[in-house]
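What's in input_12.cif: mmCIF, C-alpha atoms
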data_coords
#
loop_
_atom_site.label_atom_id
_atom_site.label_comp_id
_atom_site.auth_asym_id
_atom_site.auth_seq_id
_atom_site.Cartn_x
_atom_site.Cartn_y
_atom_site.Cartn_z
CA MET Z 1 0.00 0.00 0.00
CA ALA Z 2 1.33 3.45 -0.91
CA ARG Z 3 1.58 6.17 1.73
CA LEU Z 4 -1.53 7.87 0.37
CA PRO Z 5 -4.96 6.33 -0.04
CA VAL Z 6 -6.57 5.83 -3.44
CA VAL Z 7 -8.15 9.12 -4.45
CA THR Z 8 -11.86 9.09 -5.20
CA ARG Z 9 -13.82 11.84 -6.91
CA ASP Z 10 -15.45 12.97 -3.69
CA MET Z 11 -12.00 13.65 -2.20
CA VAL Z 12 -11.17 16.14 -4.96
CA PRO Z 13 -12.09 19.83 -4.61
CA GLU Z 14 -14.84 20.84 -7.04
CA GLU Z 15 -12.55 23.04 -9.15
CA PHE Z 16 -10.31 20.05 -9.96
CA ARG Z 17 -12.97 17.44 -10.68
CA GLU Z 18 -12.90 18.04 -14.45
CA ALA Z 19 -9.18 17.20 -14.50
CA PHE Z 20 -9.81 14.22 -12.21
CA ASP Z 21 -12.61 12.95 -14.46
CA GLU Z 22 -10.45 13.30 -17.57
CA LEU Z 23 -7.57 11.38 -16.02
CA THR Z 24 -9.73 8.59 -14.61
CA ALA Z 25 -12.12 8.17 -17.54
CA ASP Z 26 -10.38 5.02 -18.78
CA THR Z 27 -9.92 3.50 -15.33
CA GLY Z 28 -13.45 3.63 -13.96
CA GLY Z 29 -13.02 6.71 -11.78
CA THR Z 30 -9.92 5.77 -9.77
CA ILE Z 31 -6.25 5.11 -10.30
CA THR Z 32 -5.03 2.41 -7.96
CA GLY Z 33 -1.38 1.90 -8.88
CA GLY Z 34 1.69 3.43 -10.42
CA PRO Z 35 2.85 7.02 -10.47
CA TYR Z 36 -0.53 8.42 -11.46
CA SER Z 37 -2.05 6.99 -8.28
CA ILE Z 38 0.10 9.60 -6.52
CA ALA Z 39 -0.03 12.41 -9.07
CA ILE Z 40 -3.85 12.31 -9.14
CA ASN Z 41 -3.77 13.87 -5.67
CA SER Z 42 -3.12 17.06 -7.64
CA PRO Z 43 -5.42 16.49 -10.63
CA GLU Z 44 -4.50 19.60 -12.62
CA MET Z 45 -0.77 18.99 -12.17
CA ALA Z 46 -1.31 15.36 -13.18
CA ARG Z 47 -3.24 16.40 -16.28
CA ARG Z 48 -0.52 18.80 -17.37
CA ARG Z 49 2.21 16.25 -16.67
CA SER Z 50 0.35 13.58 -18.64
CA HIS Z 51 0.67 15.51 -21.90
CA LEU Z 52 4.48 15.65 -21.71
CA THR Z 53 4.69 12.03 -20.61
CA ALA Z 54 2.50 10.90 -23.49
CA TYR Z 55 4.60 12.81 -26.01
CA LEU Z 56 7.91 11.50 -24.69
CA ARG Z 57 6.72 7.90 -24.38
CA PHE Z 58 4.49 7.44 -27.39
CA GLU Z 59 4.87 10.27 -29.89
CA SER Z 60 8.56 11.15 -29.97
CA THR Z 61 10.43 9.54 -32.83
CA PHE Z 62 13.67 8.62 -31.10
CA PRO Z 63 14.38 4.89 -31.09
CA LYS Z 64 12.37 2.99 -28.49
CA ARG Z 65 15.39 0.85 -27.65
CA ILE Z 66 17.31 3.98 -26.62
CA GLN Z 67 14.26 5.40 -24.85
CA GLU Z 68 13.90 2.27 -22.73
CA LEU Z 69 17.62 2.19 -21.99
CA ALA Z 70 17.50 5.81 -20.76
CA ILE Z 71 14.51 4.92 -18.57
CA LEU Z 72 16.38 1.92 -17.12
CA ALA Z 73 19.46 4.05 -16.40
CA THR Z 74 17.19 6.49 -14.57
CA ALA Z 75 15.42 3.72 -12.64
CA ARG Z 76 18.76 2.24 -11.62
CA PHE Z 77 20.22 5.58 -10.52
CA PHE Z 78 17.18 6.39 -8.39
CA ASP Z 79 16.82 2.79 -7.12
CA CYS Z 80 13.22 2.71 -8.32
CA PRO Z 81 11.94 -0.87 -8.46
CA TYR Z 82 8.57 0.19 -9.89
CA ILE Z 83 10.05 1.87 -12.97
CA TRP Z 84 12.54 -0.96 -13.37
CA ASN Z 85 9.82 -3.58 -13.26
CA ALA Z 86 7.70 -1.68 -15.79
CA HIS Z 87 10.50 -1.00 -18.27
CA ALA Z 88 13.02 -3.87 -18.15
CA PRO Z 89 10.67 -6.15 -20.13
CA ALA Z 90 10.02 -3.34 -22.62
CA ALA Z 91 13.76 -2.75 -23.03
CA ARG Z 92 14.28 -6.43 -23.75
CA ARG Z 93 11.42 -6.40 -26.30
CA GLU Z 94 12.92 -3.36 -28.01
CA GLY Z 95 16.25 -5.13 -28.47
CA VAL Z 96 18.35 -4.24 -25.43
CA SER Z 97 20.32 -7.38 -24.66
CA ASP Z 98 19.53 -9.45 -21.60
CA ALA Z 99 23.19 -9.13 -20.61
CA LEU Z 100 23.00 -5.33 -20.63
CA VAL Z 101 19.68 -5.19 -18.74
CA ASP Z 102 20.94 -7.65 -16.13
CA ALA Z 103 24.29 -5.85 -15.72
CA LEU Z 104 22.54 -2.52 -15.19
CA ARG Z 105 20.17 -4.10 -12.66
CA ASP Z 106 22.98 -5.74 -10.72
CA ARG Z 107 25.47 -2.87 -11.05
CA GLN Z 108 27.93 -5.14 -12.78
CA PRO Z 109 30.45 -4.25 -15.49
CA LEU Z 110 28.55 -3.60 -18.70
CA PRO Z 111 28.89 -6.05 -21.59
CA PRO Z 112 29.81 -5.00 -25.11
CA MET Z 113 27.01 -2.92 -26.61
CA ALA Z 114 26.11 -0.91 -29.68
CA ASP Z 115 27.66 2.55 -29.99
CA ASP Z 116 24.28 4.30 -29.55
CA GLU Z 117 23.62 2.29 -26.39
CA ARG Z 118 27.03 3.23 -25.01
CA ALA Z 119 26.36 6.88 -25.90
CA ILE Z 120 23.07 6.97 -23.98
CA ILE Z 121 24.38 5.03 -20.98
CA ASN Z 122 27.39 7.35 -20.74
CA TYR Z 123 25.18 10.42 -21.13
CA CYS Z 124 22.74 9.28 -18.43
CA ASN Z 125 25.33 8.03 -15.99
CA GLU Z 126 27.54 11.08 -16.36
CA PHE Z 127 24.64 13.44 -15.77
CA TYR Z 128 23.33 11.52 -12.78
CA ARG Z 129 26.80 11.15 -11.26
CA ASN Z 130 28.17 14.67 -11.96
CA HIS Z 131 25.02 16.72 -12.67
CA ARG Z 132 26.79 17.83 -15.85
CA ILE Z 133 27.73 16.37 -19.22
CA SER Z 134 31.33 16.68 -20.41
CA ALA Z 135 31.97 18.15 -23.84
CA SER Z 136 33.11 14.80 -25.24
CA THR Z 137 30.16 12.82 -23.90
CA PHE Z 138 27.77 15.50 -25.12
CA GLN Z 139 29.32 15.55 -28.59
CA ILE Z 140 29.13 11.77 -28.95
CA ALA Z 141 25.46 11.77 -27.88
CA LEU Z 142 24.70 14.68 -30.21
CA GLU Z 143 26.30 12.86 -33.14
CA HIS Z 144 24.27 9.73 -32.42
CA PHE Z 145 20.90 11.28 -31.70
CA GLY Z 146 20.82 14.82 -33.15
CA ALA Z 147 19.69 17.92 -31.31
CA GLN Z 148 15.94 17.19 -31.24
CA HIS Z 149 16.30 13.66 -29.92
CA LEU Z 150 18.98 14.61 -27.42
CA VAL Z 151 16.69 17.31 -26.01
CA GLU Z 152 13.84 14.79 -25.84
CA ILE Z 153 16.02 12.11 -24.23
CA THR Z 154 17.12 14.63 -21.62
CA ALA Z 155 13.47 15.59 -20.98
CA LEU Z 156 12.62 11.87 -20.72
CA MET Z 157 15.34 11.43 -18.11
CA GLY Z 158 13.91 14.34 -16.10
CA ASN Z 159 10.37 13.03 -16.49
CA TYR Z 160 11.35 9.60 -15.20
CA ALA Z 161 13.42 11.14 -12.40
CA GLN Z 162 10.23 12.92 -11.31
CA THR Z 163 8.34 9.65 -11.63
CA ALA Z 164 10.93 7.95 -9.43
CA PHE Z 165 10.49 10.73 -6.87
CA PHE Z 166 6.74 10.04 -6.72
CA LEU Z 167 7.09 6.27 -6.61
CA ASN Z 168 9.89 6.18 -4.03
CA ALA Z 169 8.70 9.02 -1.76
CA PHE Z 170 5.18 7.63 -1.54
CA GLU Z 171 6.31 3.98 -1.45
CA VAL Z 172 4.17 2.76 -4.33
CA GLN Z 173 4.26 -1.03 -4.26
CA LEU Z 174 5.25 -3.22 -7.17
CA PRO Z 175 2.45 -5.03 -8.93
CA THR Z 176 2.13 -8.63 -7.79
CA GLU Z 177 2.37 -9.85 -11.39
CA ARG Z 178 5.84 -9.18 -12.76
CA THR Z 179 8.37 -10.92 -14.96
CA GLU Z 180 11.58 -9.29 -13.72
CA PRO Z 181 13.55 -9.95 -10.57
CA VAL Z 182 13.07 -7.17 -8.04
CA LEU Z 183 15.62 -4.39 -8.47
CA PRO Z 184 18.19 -4.71 -5.68
CA VAL Z 185 18.20 -1.49 -3.68
CA ASP Z 186 21.01 -0.60 -1.31
#
Output the file's structure in the form of structure tokens.
Amino acid sequence: MARLPVVTRDMVPEEFREAFDELTADTGGTITGGPYSIAINSPEMARRRSHLTAYLRFESTFPKRIQELAILATARFFDCPYIWNAHAPAARREGVSDALVDALRDRQPLPPMADDERAIINYCNEFYRNHRISASTFQIALEHFGAQHLVEITALMGNYAQTAFFLNAFEVQLPTERTEPVLPVD
């Protein structure tokens, strides 16, 4: 159970019910799991956030394999089992090798990987470790992804960092049905 109860329509102030109704239309009036079960406590913020998330996840044209790898790097850095569980299977489906997914999960030396995978892992890890990107790492990522995709990948990293904040701070539980081992958290 997360630290906050499931939000129902009657718990939402009148001025935010339209946003609440829009966000819960497909789920029968409640959201019981995942990051939106927390975000819905602020329905208007959740509605505004959902547009960026939808663009980054489903409408952006950068390669899904790289997108999922950036999400996994973010999940690993923030020790977020929920994001890891949701995206490790997707990364595998999109072509990220089992060896790379497992090494990231277990914080082991990374196996050989494609140049674009190395570029995104280095970009993510360097930013999360140093809060900056060196000129050489930036240039390599820019050459691989171009300006538009590099901006979108960076936004995706920030979006999933925020998601990790919600999930970890409010202790959102993993779904009972999962295919991945639980992310080891120190």
query = For this file, the PyMOL selection byres ((chain Z and resi 179) around 12) selects which residues, as a list of chain:residue names?
reply = Z:Trp84, Z:Asn85, Z:Ala86, Z:His87, Z:Ala88, Z:Pro89, Z:Ala90, Z:Arg92, Z:Leu174, Z:Pro175, Z:Thr176, Z:Glu177, Z:Arg178, Z:Glu180, Z:Pro181, Z:Val182, Z:Leu183
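For the residues Z:Glu152, Z:Asp102, Z:Asp186, Z:Asp79, ranking by smallest atom-to-atom distance to Z:Arg57 using all atoms listed in the file places Z:Glu152 first.
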ask   = When distances are computed from all atoms listed in the file, which of Z:Phe145, Z:Phe127, Z:Tyr82, Z:Phe16 shows the smallest separation from Z:Ala164?
value = Z:Tyr82
Tell me, counting all atoms listed in the file, for each residue of stretch 90-139 of chain Z within 7 Å of stretch 67-78 of chain Z, which pair of atoms is nearest and how far apart they are in Å to one decimal, in rows ordered by chain and increasing number, as CSV.
residue,atom,partner,partner_atom,distance
Z:Ala90,CA,Z:Glu68,CA,6.8
Z:Ala91,CA,Z:Glu68,CA,5.0
Z:Arg105,CA,Z:Arg76,CA,6.6
Z:Ile120,CA,Z:Ala70,CA,6.5
Z:Ile121,CA,Z:Ala73,CA,6.8
Z:Cys124,CA,Z:Ala73,CA,6.5
inquiry  = I'd like the interatomic distance between atom CA of Z:Gly34 and atom CA of Z:Val172, to a tenth of an Å.
reply    =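 Computing the Euclidean distance for atom CA of Z:Gly34 and atom CA of Z:Val172 yields 6.6 Å.
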